[in-house]
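So this one's protein-v9.cif, mmCIF, C-alpha atoms:
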data_query
#
loop_
_atom_site.group_PDB
_atom_site.id
_atom_site.type_symbol
_atom_site.label_atom_id
_atom_site.label_comp_id
_atom_site.auth_asym_id
_atom_site.auth_seq_id
_atom_site.Cartn_x
_atom_site.Cartn_y
_atom_site.Cartn_z
ATOM 1 C CA MET A 34 103.185 42.049 -1.129
ATOM 2 C CA PHE A 35 99.898 41.158 0.530
ATOM 3 C CA THR A 36 96.703 43.212 0.337
ATOM 4 C CA LEU A 37 95.870 44.887 3.641
ATOM 5 C CA ALA A 38 92.213 45.239 4.645
ATOM 6 C CA THR A 39 90.374 46.458 7.735
ATOM 7 C CA ASP A 40 86.972 47.272 9.112
ATOM 8 C CA THR A 41 86.384 50.844 10.217
ATOM 9 C CA SER A 42 86.639 50.310 13.953
ATOM 10 C CA CYS A 43 90.244 51.533 13.472
ATOM 11 C CA ASP A 44 88.974 55.155 13.381
ATOM 12 C CA VAL A 45 91.448 56.203 10.723
ATOM 13 C CA PHE A 46 89.978 58.734 8.307
ATOM 14 C CA ARG A 47 88.752 56.677 5.362
ATOM 15 C CA SER A 48 90.522 59.018 2.940
ATOM 16 C CA GLU A 49 93.783 58.135 4.726
ATOM 17 C CA LEU A 50 93.048 54.428 4.382
ATOM 18 C CA ASP A 51 92.467 54.940 0.659
ATOM 19 C CA ALA A 52 95.725 56.876 0.310
ATOM 20 C CA ALA A 53 97.626 54.087 2.106
ATOM 21 C CA GLY A 54 96.181 51.420 -0.185
ATOM 22 C CA ILE A 55 94.161 49.781 2.606
ATOM 23 C CA ALA A 56 90.810 48.262 1.667
ATOM 24 C CA TRP A 57 88.037 48.896 4.192
ATOM 25 C CA VAL A 58 84.501 47.844 4.987
ATOM 26 C CA PRO A 59 82.326 50.045 7.226
ATOM 27 C CA LEU A 60 80.648 48.993 10.410
ATOM 28 C CA THR A 61 77.290 50.648 11.013
ATOM 29 C CA PHE A 62 75.562 52.529 13.800
ATOM 30 C CA THR A 63 71.939 53.451 14.331
ATOM 31 C CA LEU A 64 71.022 56.924 15.543
ATOM 32 C CA ASP A 65 67.468 58.219 15.992
ATOM 33 C CA GLY A 66 66.152 55.210 14.106
ATOM 34 C CA VAL A 67 68.397 55.685 11.078
ATOM 35 C CA THR A 68 71.320 53.353 10.291
ATOM 36 C CA TYR A 69 74.499 54.945 8.955
ATOM 37 C CA PRO A 70 77.785 53.522 7.669
ATOM 38 C CA ASP A 71 80.801 54.317 9.834
ATOM 39 C CA ASP A 72 82.631 55.947 6.944
ATOM 40 C CA PHE A 73 83.854 59.122 8.643
ATOM 41 C CA THR A 74 86.643 61.017 6.951
ATOM 42 C CA THR A 75 86.559 64.435 8.663
ATOM 43 C CA ASP A 76 86.743 65.817 12.193
ATOM 44 C CA GLU A 77 83.351 67.421 11.621
ATOM 45 C CA GLN A 78 81.644 64.042 11.173
ATOM 46 C CA TYR A 79 82.987 62.789 14.503
ATOM 47 C CA LYS A 80 82.053 66.046 16.231
ATOM 48 C CA ALA A 81 78.506 65.918 14.828
ATOM 49 C CA PHE A 82 78.060 62.350 16.106
ATOM 50 C CA PHE A 83 79.148 63.241 19.630
ATOM 51 C CA ALA A 84 77.072 66.437 19.605
ATOM 52 C CA LYS A 85 73.983 64.259 19.141
ATOM 53 C CA VAL A 86 75.122 61.926 21.917
ATOM 54 C CA ARG A 87 75.649 64.882 24.269
ATOM 55 C CA ALA A 88 72.142 66.066 23.379
ATOM 56 C CA GLY A 89 70.714 62.780 24.620
ATOM 57 C CA ALA A 90 70.803 60.411 21.642
ATOM 58 C CA MET A 91 71.515 56.769 22.507
ATOM 59 C CA PRO A 92 73.046 55.154 19.416
ATOM 60 C CA THR A 93 73.448 51.431 18.883
ATOM 61 C CA THR A 94 75.820 49.383 16.736
ATOM 62 C CA SER A 95 75.674 46.042 14.947
ATOM 63 C CA GLN A 96 78.187 43.539 13.639
ATOM 64 C CA ILE A 97 79.147 43.139 9.984
ATOM 65 C CA ASN A 98 77.286 40.029 8.866
ATOM 66 C CA THR A 99 78.815 37.198 6.865
ATOM 67 C CA PHE A 100 77.095 38.210 3.606
ATOM 68 C CA VAL A 101 78.603 41.721 3.723
ATOM 69 C CA GLN A 102 81.993 40.255 4.638
ATOM 70 C CA GLU A 103 81.881 37.857 1.670
ATOM 71 C CA GLU A 104 80.864 40.648 -0.673
ATOM 72 C CA PHE A 105 83.781 42.772 0.573
ATOM 73 C CA LEU A 106 86.352 39.983 0.198
ATOM 74 C CA GLU A 107 85.000 38.880 -3.188
ATOM 75 C CA LYS A 108 85.483 42.397 -4.482
ATOM 76 C CA LEU A 109 89.118 42.361 -3.360
ATOM 77 C CA VAL A 110 89.708 39.034 -5.098
ATOM 78 C CA ALA A 111 87.991 40.310 -8.259
ATOM 79 C CA ASN A 112 90.451 43.212 -8.247
ATOM 80 C CA GLY A 113 93.408 40.820 -8.192
ATOM 81 C CA ALA A 114 94.089 40.249 -4.492
ATOM 82 C CA ASP A 115 95.154 36.672 -3.728
ATOM 83 C CA ASP A 116 96.994 37.164 -0.400
ATOM 84 C CA ILE A 117 94.955 39.227 2.068
ATOM 85 C CA VAL A 118 95.499 40.236 5.690
ATOM 86 C CA TYR A 119 92.255 41.496 7.203
ATOM 87 C CA LEU A 120 92.159 43.207 10.634
ATOM 88 C CA THR A 121 88.848 43.245 12.498
ATOM 89 C CA LEU A 122 87.195 44.663 15.586
ATOM 90 C CA SER A 123 87.852 42.646 18.761
ATOM 91 C CA SER A 124 86.093 39.286 18.987
ATOM 92 C CA GLY A 125 85.520 40.166 22.649
ATOM 93 C CA LEU A 126 83.209 43.015 21.650
ATOM 94 C CA SER A 127 81.470 41.810 18.510
ATOM 95 C CA ALA A 128 80.823 38.804 16.276
ATOM 96 C CA THR A 129 82.381 40.743 13.382
ATOM 97 C CA TYR A 130 85.603 38.722 13.639
ATOM 98 C CA GLU A 131 83.670 35.445 13.581
ATOM 99 C CA SER A 132 81.662 36.495 10.521
ATOM 100 C CA ALA A 133 84.886 37.562 8.778
ATOM 101 C CA CYS A 134 86.436 34.127 9.415
ATOM 102 C CA LYS A 135 83.362 32.386 7.984
ATOM 103 C CA ALA A 136 83.363 34.666 4.942
ATOM 104 C CA ALA A 137 87.087 34.131 4.355
ATOM 105 C CA GLU A 138 86.581 30.366 4.450
ATOM 106 C CA GLU A 139 83.815 30.533 1.847
ATOM 107 C CA VAL A 140 85.725 32.869 -0.461
ATOM 108 C CA GLN A 141 88.832 30.701 -0.310
ATOM 109 C CA LYS A 142 86.738 27.654 -1.276
ATOM 110 C CA ARG A 143 85.574 29.448 -4.390
ATOM 111 C CA HIS A 144 89.020 30.755 -5.382
ATOM 112 C CA ASN A 145 91.703 28.103 -5.391
ATOM 113 C CA GLY A 146 95.051 29.489 -4.253
ATOM 114 C CA CYS A 147 93.574 32.587 -2.614
ATOM 115 C CA LYS A 148 94.744 33.100 0.976
ATOM 116 C CA ILE A 149 92.849 35.284 3.460
ATOM 117 C CA HIS A 150 94.313 35.765 6.937
ATOM 118 C CA VAL A 151 91.802 37.276 9.388
ATOM 119 C CA VAL A 152 93.456 38.906 12.414
ATOM 120 C CA ASP A 153 91.548 39.664 15.609
ATOM 121 C CA THR A 154 92.872 43.029 16.873
ATOM 122 C CA ARG A 155 91.480 42.269 20.357
ATOM 123 C CA GLY A 156 90.776 45.970 20.561
ATOM 124 C CA ALA A 157 89.052 48.817 18.796
ATOM 125 C CA THR A 158 89.517 52.444 17.767
ATOM 126 C CA GLN A 159 93.159 53.576 18.249
ATOM 127 C CA VAL A 160 94.115 50.102 19.564
ATOM 128 C CA HIS A 161 93.101 48.816 16.141
ATOM 129 C CA HIS A 162 94.885 51.771 14.519
ATOM 130 C CA MET A 163 98.171 50.900 16.238
ATOM 131 C CA LEU A 164 98.027 47.318 14.953
ATOM 132 C CA LEU A 165 97.073 48.576 11.500
ATOM 133 C CA ASP A 166 100.201 50.742 11.467
ATOM 134 C CA ASP A 167 102.244 47.650 12.360
ATOM 135 C CA ALA A 168 100.554 45.763 9.529
ATOM 136 C CA MET A 169 101.418 48.510 7.039
ATOM 137 C CA ARG A 170 105.075 48.322 8.003
ATOM 138 C CA LEU A 171 105.108 44.543 7.544
ATOM 139 C CA ARG A 172 103.370 44.890 4.180
ATOM 140 C CA ASP A 173 105.838 47.499 3.001
ATOM 141 C CA GLN A 174 108.749 45.277 4.094
ATOM 142 C CA GLY A 175 107.514 42.693 1.595
ATOM 143 C CA MET A 176 106.290 40.026 4.031
ATOM 144 C CA SER A 177 103.795 37.447 2.863
ATOM 145 C CA GLY A 178 100.323 37.533 4.345
ATOM 146 C CA GLU A 179 100.962 34.362 6.328
ATOM 147 C CA GLU A 180 104.183 35.751 7.816
ATOM 148 C CA ALA A 181 102.604 39.104 8.670
ATOM 149 C CA ALA A 182 99.478 37.573 10.220
ATOM 150 C CA ALA A 183 101.640 35.364 12.453
ATOM 151 C CA VAL A 184 103.480 38.439 13.740
ATOM 152 C CA LEU A 185 100.354 40.563 14.112
ATOM 153 C CA ARG A 186 98.542 37.940 16.184
ATOM 154 C CA THR A 187 101.243 38.158 18.862
ATOM 155 C CA ILE A 188 101.131 41.950 19.237
ATOM 156 C CA PRO A 189 97.822 42.440 21.123
ATOM 157 C CA ASP A 190 99.173 40.482 24.120
ATOM 158 C CA LYS A 191 101.787 43.228 24.577
ATOM 159 C CA THR A 192 99.479 46.119 23.690
ATOM 160 C CA HIS A 193 98.006 47.708 26.812
ATOM 161 C CA VAL A 194 94.886 49.842 26.897
ATOM 162 C CA LEU A 195 93.474 52.172 29.559
ATOM 163 C CA PHE A 196 90.214 54.023 28.889
ATOM 164 C CA MET A 197 88.761 56.807 30.988
ATOM 165 C CA VAL A 198 84.981 57.197 30.680
ATOM 166 C CA ASP A 199 83.065 60.400 31.427
ATOM 167 C CA ASP A 200 79.417 59.306 31.149
ATOM 168 C CA LEU A 201 78.453 56.513 33.550
ATOM 169 C CA ASN A 202 74.926 56.259 32.165
ATOM 170 C CA HIS A 203 76.219 54.714 28.951
ATOM 171 C CA LEU A 204 78.153 52.128 30.966
ATOM 172 C CA ARG A 205 74.975 51.444 32.952
ATOM 173 C CA ARG A 206 73.052 50.810 29.749
ATOM 174 C CA GLY A 207 75.716 48.330 28.646
ATOM 175 C CA GLY A 208 75.668 46.535 31.978
ATOM 176 C CA ARG A 209 79.191 47.611 33.000
ATOM 177 C CA VAL A 210 77.916 49.370 36.143
ATOM 178 C CA SER A 211 74.618 49.219 38.031
ATOM 179 C CA GLY A 212 72.053 52.000 38.003
ATOM 180 C CA VAL A 213 72.818 52.838 41.640
ATOM 181 C CA ALA A 214 76.576 52.880 40.978
ATOM 182 C CA ALA A 215 76.039 55.142 37.967
ATOM 183 C CA ALA A 216 73.934 57.595 39.971
ATOM 184 C CA ILE A 217 76.354 57.720 42.908
ATOM 185 C CA GLY A 218 79.387 57.831 40.640
ATOM 186 C CA THR A 219 77.970 60.747 38.657
ATOM 187 C CA LEU A 220 77.234 62.630 41.884
ATOM 188 C CA LEU A 221 80.772 62.048 43.201
ATOM 189 C CA LYS A 222 82.419 62.684 39.805
ATOM 190 C CA ILE A 223 83.833 59.170 39.687
ATOM 191 C CA LYS A 224 85.789 58.383 36.503
ATOM 192 C CA PRO A 225 86.020 54.647 35.804
ATOM 193 C CA ILE A 226 89.149 53.327 34.098
ATOM 194 C CA LEU A 227 88.571 50.382 31.767
ATOM 195 C CA THR A 228 90.956 48.045 29.997
ATOM 196 C CA PHE A 229 90.892 45.373 27.301
ATOM 197 C CA ASP A 230 91.768 41.929 28.638
ATOM 198 C CA LYS A 231 93.729 39.295 26.701
ATOM 199 C CA ALA A 232 90.568 38.201 24.890
ATOM 200 C CA GLY A 233 89.693 41.771 23.895
ATOM 201 C CA ARG A 234 86.837 42.229 26.379
ATOM 202 C CA LEU A 235 86.352 45.404 28.416
ATOM 203 C CA HIS A 236 86.735 45.477 32.209
ATOM 204 C CA VAL A 237 86.600 48.250 34.817
ATOM 205 C CA VAL A 238 89.967 48.188 36.643
ATOM 206 C CA HIS A 239 89.956 51.405 38.681
ATOM 207 C CA LYS A 240 87.701 54.255 39.770
ATOM 208 C CA ALA A 241 89.219 57.706 40.229
ATOM 209 C CA LYS A 242 87.589 60.807 41.681
ATOM 210 C CA GLY A 243 87.811 63.489 39.025
ATOM 211 C CA HIS A 244 89.570 63.506 35.694
ATOM 212 C CA ARG A 245 92.951 64.677 37.041
ATOM 213 C CA LYS A 246 93.217 61.695 39.379
ATOM 214 C CA ALA A 247 92.205 59.452 36.515
ATOM 215 C CA LEU A 248 94.945 60.832 34.276
ATOM 216 C CA GLU A 249 97.514 60.492 37.063
ATOM 217 C CA TYR A 250 96.503 56.866 37.560
ATOM 218 C CA VAL A 251 97.028 56.170 33.859
ATOM 219 C CA VAL A 252 100.484 57.768 33.869
ATOM 220 C CA ASP A 253 101.445 55.707 36.920
ATOM 221 C CA GLU A 254 100.195 52.512 35.263
ATOM 222 C CA ILE A 255 102.151 53.239 32.095
ATOM 223 C CA GLU A 256 105.283 53.751 34.176
ATOM 224 C CA LYS A 257 104.726 50.407 35.932
ATOM 225 C CA ARG A 258 104.069 48.466 32.754
ATOM 226 C CA SER A 259 106.383 50.230 30.306
ATOM 227 C CA PRO A 260 108.829 52.613 32.044
ATOM 228 C CA ASP A 261 110.732 53.279 28.811
ATOM 229 C CA VAL A 262 107.606 53.740 26.678
ATOM 230 C CA GLN A 263 108.418 55.282 23.300
ATOM 231 C CA GLU A 264 104.969 55.899 21.859
ATOM 232 C CA VAL A 265 101.408 56.283 23.113
ATOM 233 C CA TYR A 266 98.289 56.441 20.959
ATOM 234 C CA ILE A 267 95.382 58.441 22.411
ATOM 235 C CA ALA A 268 91.749 57.844 21.441
ATOM 236 C CA GLN A 269 89.504 60.780 22.244
ATOM 237 C CA GLY A 270 85.727 60.950 21.902
ATOM 238 C CA ASP A 271 85.137 64.693 21.672
ATOM 239 C CA ALA A 272 87.531 65.383 24.560
ATOM 240 C CA PRO A 273 90.305 67.486 22.977
ATOM 241 C CA GLU A 274 91.168 69.345 26.192
ATOM 242 C CA LEU A 275 91.646 66.079 28.082
ATOM 243 C CA ALA A 276 93.704 64.701 25.201
ATOM 244 C CA LYS A 277 95.946 67.783 25.329
ATOM 245 C CA GLU A 278 96.332 67.504 29.112
ATOM 246 C CA MET A 279 97.197 63.814 28.810
ATOM 247 C CA THR A 280 99.658 64.508 25.990
ATOM 248 C CA ASP A 281 101.443 67.125 28.072
ATOM 249 C CA MET A 282 101.661 64.770 31.075
ATOM 250 C CA LEU A 283 103.017 61.898 28.985
ATOM 251 C CA GLN A 284 105.613 64.005 27.229
ATOM 252 C CA ALA A 285 106.740 65.588 30.503
ATOM 253 C CA LYS A 286 107.051 62.170 32.178
ATOM 254 C CA PHE A 287 108.424 60.002 29.377
ATOM 255 C CA GLY A 288 109.415 62.288 26.499
ATOM 256 C CA CYS A 289 107.522 59.871 24.253
ATOM 257 C CA ARG A 290 105.745 60.354 20.938
ATOM 258 C CA VAL A 291 101.998 60.836 21.295
ATOM 259 C CA LYS A 292 99.562 60.198 18.460
ATOM 260 C CA VAL A 293 96.035 61.517 19.050
ATOM 261 C CA GLY A 294 93.088 60.176 17.061
ATOM 262 C CA TRP A 295 89.334 59.835 17.358
ATOM 263 C CA CYS A 296 87.308 57.270 19.220
ATOM 264 C CA GLY A 297 84.374 56.923 16.857
ATOM 265 C CA PRO A 298 80.796 55.650 16.919
ATOM 266 C CA VAL A 299 81.632 51.934 17.183
ATOM 267 C CA ILE A 300 82.907 52.439 20.742
ATOM 268 C CA GLY A 301 81.441 55.895 21.411
ATOM 269 C CA ALA A 302 77.908 54.518 21.075
ATOM 270 C CA HIS A 303 78.557 52.444 24.198
ATOM 271 C CA THR A 304 80.694 54.847 26.245
ATOM 272 C CA GLY A 305 79.212 58.231 25.452
ATOM 273 C CA ALA A 306 81.110 61.424 24.758
ATOM 274 C CA GLY A 307 84.221 62.431 26.668
ATOM 275 C CA ILE A 308 85.992 59.066 26.492
ATOM 276 C CA LEU A 309 89.794 59.130 26.554
ATOM 277 C CA GLY A 310 91.890 56.038 25.842
ATOM 278 C CA MET A 311 95.644 55.500 26.096
ATOM 279 C CA ILE A 312 97.305 52.676 24.165
ATOM 280 C CA PHE A 313 100.933 51.617 24.520
ATOM 281 C CA LYS A 314 103.200 48.610 24.102
ATOM 282 C CA SER A 315 105.056 46.805 26.864
ATOM 283 C CA GLN A 316 107.360 43.845 27.364
ATOM 284 C CA GLN A 317 104.687 42.572 29.761
ATOM 285 C CA ASP A 318 101.495 40.804 28.730
ATOM 286 C CA ARG A 319 98.130 42.395 29.370
ATOM 287 C CA PRO A 320 97.375 41.816 33.059
ATOM 288 C CA LEU A 321 93.896 40.285 32.638
#
Encoding of this model in structure tokens:
Amino acid sequence: MFTLATDTSCDVFRSELDAAGIAWVPLTFTLDGVTYPDDFTTDEQYKAFFAKVRAGAMPTTSQINTFVQEEFLEKLVANGADDIVYLTLSSGLSATYESACKAAEEVQKRHNGCKIHVVDTRGATQVHHMLLDDAMRLRDQGMSGEEAAAVLRTIPDKTHVLFMVDDLNHLRRGGRVSGVAAAIGTLLKIKPILTFDKAGRLHVVHKAKGHRKALEYVVDEIEKRSPDVQEVYIAQGDAPELAKEMTDMLQAKFGCRVKVGWCGPVIGAHTGAGILGMIFKSQQDRPL
């Protein structure tokens, strides 16, 4: 059985990762000039983060550098791990995946016979969580790390993501929309819908007027891409009412399982509060 590891962009409570035997290394975010580890393990921690964002704080994030990655992997090897599958934040959003690959290469040089398979989730938050759940099932089936990594690398192509964003000013800061578009969109209550492309980069794919139209668009897109969808993961950034409304719509339309989790500071720092993301699998590849 391989050792499963992840960074914390998966937004699974860290106590749950510990209970599942999954090693983790925290990303970090900076808020009001102070840098914190993304080690959240309670609803209250997520709520407190978004309360500060709603009050006007503009947090930033940074990648996990190669030194921290090496230190993390060395610790796993020291504890007896010699076959590791390590899931990281999308390479389309951060250099964290690249630094993990470099660290894995160095650690393997120092430990003959050790195998470290770094897997680019090509997503974040509950997208990452969905792939992590797949990885746990493969681990528990007794697959080798090489076998599991080969399977896991094919899954993001068929994993579709649609995010609804509430605060256009955060998208403006990140260069996703212009200042004029943000001002007009806020006035008209425009809700952009974003998606991850095949490389794990974010793109705006639709603009709906009001949250209800945005939710209806997402349901329609899910029906087009996966009419017999069995399961949808929802990532919510302090938007429980929207998550409940979306859950009700999905269950009424498809009768599918819905798993609601947080969208944490790694993505929330760039989107603001009120983000809602829907993640589902399809026989089709991601469209972009």
Worksheet item: Where does the PyMOL selection byres ((chain A and resi 151-168) around 8) land in this file, that is, which residues does it pick, as a count of residues only?
Response: 47
Item to complete: For CA of Thr129 in chain A and CA of Gln317 in chain A, quote the distance in Å rounded to one decimal.
Response: 27.7 Å
Worksheet entry | A:Ala52, A:Leu60, A:Val293, A:Met311 ranked by distance to Tyr250 in chain A, top pick (using only C-alpha atoms) | A:Met311
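We find CA of Asn98 in chain A and CA of Glu131 in chain A to be spaced 9.2 Å apart.
Run against this file, the PyMOL selection byres ((chain A and resi 92) around 10) gives back Phe62, Thr63, Leu64, Asp65, Gly66, Val67, Thr68, Phe82, Lys85, Val86, Gly89, Ala90, Met91, Thr93, Thr94, Pro298, Val299, Gly301, Ala302, His303 and Gly305 of chain A.
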Go ahead and save the residues from that selection, with C-alpha atoms, as a CSV table (one decimal), in the coordinates of the input.
chain,number,residue,atom,x,y,z
A,62,PHE,CA,75.6,52.5,13.8
A,63,THR,CA,71.9,53.5,14.3
A,64,LEU,CA,71.0,56.9,15.5
A,65,ASP,CA,67.5,58.2,16.0
A,66,GLY,CA,66.2,55.2,14.1
A,67,VAL,CA,68.4,55.7,11.1
A,68,THR,CA,71.3,53.4,10.3
A,82,PHE,CA,78.1,62.4,16.1
A,85,LYS,CA,74.0,64.3,19.1
A,86,VAL,CA,75.1,61.9,21.9
A,89,GLY,CA,70.7,62.8,24.6
A,90,ALA,CA,70.8,60.4,21.6
A,91,MET,CA,71.5,56.8,22.5
A,93,THR,CA,73.4,51.4,18.9
A,94,THR,CA,75.8,49.4,16.7
A,298,PRO,CA,80.8,55.6,16.9
A,299,VAL,CA,81.6,51.9,17.2
A,301,GLY,CA,81.4,55.9,21.4
A,302,ALA,CA,77.9,54.5,21.1
A,303,HIS,CA,78.6,52.4,24.2
A,305,GLY,CA,79.2,58.2,25.5
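Note that the spacing between CA of Leu50 in chain A and CA of Arg319 in chain A amounts to 28.2 Å.
Counting all atoms listed in the file, the residue from A:Val184, A:Val58, A:Ala88, A:Val101 that sits nearest to Asp40 in chain A is A:Val58.
Considering all atoms listed in the file, the residue among A:Asp116, A:Lys148, A:Thr99, A:Lys292 positioned nearest to Lys135 in chain A is A:Thr99.
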Worksheet, complete the sentence: Of A:Ser259, A:Arg245, A:Ala128, A:Asp76, the one sitting nearest Glu274 in chain A when using only C-alpha atoms is A:Arg245
For this file, the PyMOL selection byres ((chain A and resi 283) around 12) selects which residues, as a PDB file with C-alpha atoms, in the frame of the given file?
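The new file result08.pdb reads:
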ATOM      1  CA  LEU A 248      94.945  60.832  34.276  1.00  0.00           C
ATOM      2  CA  GLU A 249      97.514  60.492  37.063  1.00  0.00           C
ATOM      3  CA  TYR A 250      96.503  56.866  37.560  1.00  0.00           C
ATOM      4  CA  VAL A 251      97.028  56.170  33.859  1.00  0.00           C
ATOM      5  CA  VAL A 252     100.484  57.768  33.869  1.00  0.00           C
ATOM      6  CA  ASP A 253     101.445  55.707  36.920  1.00  0.00           C
ATOM      7  CA  GLU A 254     100.195  52.512  35.263  1.00  0.00           C
ATOM      8  CA  ILE A 255     102.151  53.239  32.095  1.00  0.00           C
ATOM      9  CA  GLU A 256     105.283  53.751  34.176  1.00  0.00           C
ATOM     10  CA  PRO A 260     108.829  52.613  32.044  1.00  0.00           C
ATOM     11  CA  ASP A 261     110.732  53.279  28.811  1.00  0.00           C
ATOM     12  CA  VAL A 262     107.606  53.740  26.678  1.00  0.00           C
ATOM     13  CA  GLN A 263     108.418  55.282  23.300  1.00  0.00           C
ATOM     14  CA  GLU A 264     104.969  55.899  21.859  1.00  0.00           C
ATOM     15  CA  VAL A 265     101.408  56.283  23.113  1.00  0.00           C
ATOM     16  CA  TYR A 266      98.289  56.441  20.959  1.00  0.00           C
ATOM     17  CA  ILE A 267      95.382  58.441  22.411  1.00  0.00           C
ATOM     18  CA  ALA A 276      93.704  64.701  25.201  1.00  0.00           C
ATOM     19  CA  LYS A 277      95.946  67.783  25.329  1.00  0.00           C
ATOM     20  CA  GLU A 278      96.332  67.504  29.112  1.00  0.00           C
ATOM     21  CA  MET A 279      97.197  63.814  28.810  1.00  0.00           C
ATOM     22  CA  THR A 280      99.658  64.508  25.990  1.00  0.00           C
ATOM     23  CA  ASP A 281     101.443  67.125  28.072  1.00  0.00           C
ATOM     24  CA  MET A 282     101.661  64.770  31.075  1.00  0.00           C
ATOM     25  CA  GLN A 284     105.613  64.005  27.229  1.00  0.00           C
ATOM     26  CA  ALA A 285     106.740  65.588  30.503  1.00  0.00           C
ATOM     27  CA  LYS A 286     107.051  62.170  32.178  1.00  0.00           C
ATOM     28  CA  PHE A 287     108.424  60.002  29.377  1.00  0.00           C
ATOM     29  CA  GLY A 288     109.415  62.288  26.499  1.00  0.00           C
ATOM     30  CA  CYS A 289     107.522  59.871  24.253  1.00  0.00           C
ATOM     31  CA  ARG A 290     105.745  60.354  20.938  1.00  0.00           C
ATOM     32  CA  VAL A 291     101.998  60.836  21.295  1.00  0.00           C
ATOM     33  CA  LYS A 292      99.562  60.198  18.460  1.00  0.00           C
ATOM     34  CA  MET A 311      95.644  55.500  26.096  1.00  0.00           C
ATOM     35  CA  ILE A 312      97.305  52.676  24.165  1.00  0.00           C
ATOM     36  CA  PHE A 313     100.933  51.617  24.520  1.00  0.00           C
TER      37      PHE A 313
END
Discussion item. I'd like the contact shell of Val198 in chain A - 7 Å cut-off, only C-alpha atoms, skipping same-chain residues fewer than 2 positions apart - returned as a list in words.
Written reply: Phe196, Asp200, Lys224, Pro225, Ile226, Thr304, Gly307, Ile308 and Leu309 of chain A
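Considering the residues A:Glu104, A:Leu227, A:Asp72, A:Arg258 and counting only C-alpha atoms, Asp51 in chain A has its shortest atom-to-atom contact with A:Asp72.
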Fill in: Residue neighbourhood Lys222 in chain A, 9 Å, only C-alpha atoms, exclusion window fewer than 5 positions, as a list in words
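My list of contacting residues is Asp199, Ile217, Ala241, Lys242, Gly243 and His244 of chain A.
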Fill in: Among listed residues A:Val140, A:Lys314, A:Leu126, A:Cys147, nearest Gly113 in chain A (using all atoms listed in the file)
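With all atoms listed in the file as the atom set, the closest residue is A:Cys147.
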So that all listed atoms of range 82-88 of chain A fit with 3 Å spare on each side, what axis-aligned box centre and edge lengths in Å, to one decimal, would you give as JSON?
{"center_x": 75.6, "center_y": 64.2, "center_z": 20.2, "size_x": 13.0, "size_y": 10.5, "size_z": 14.2}
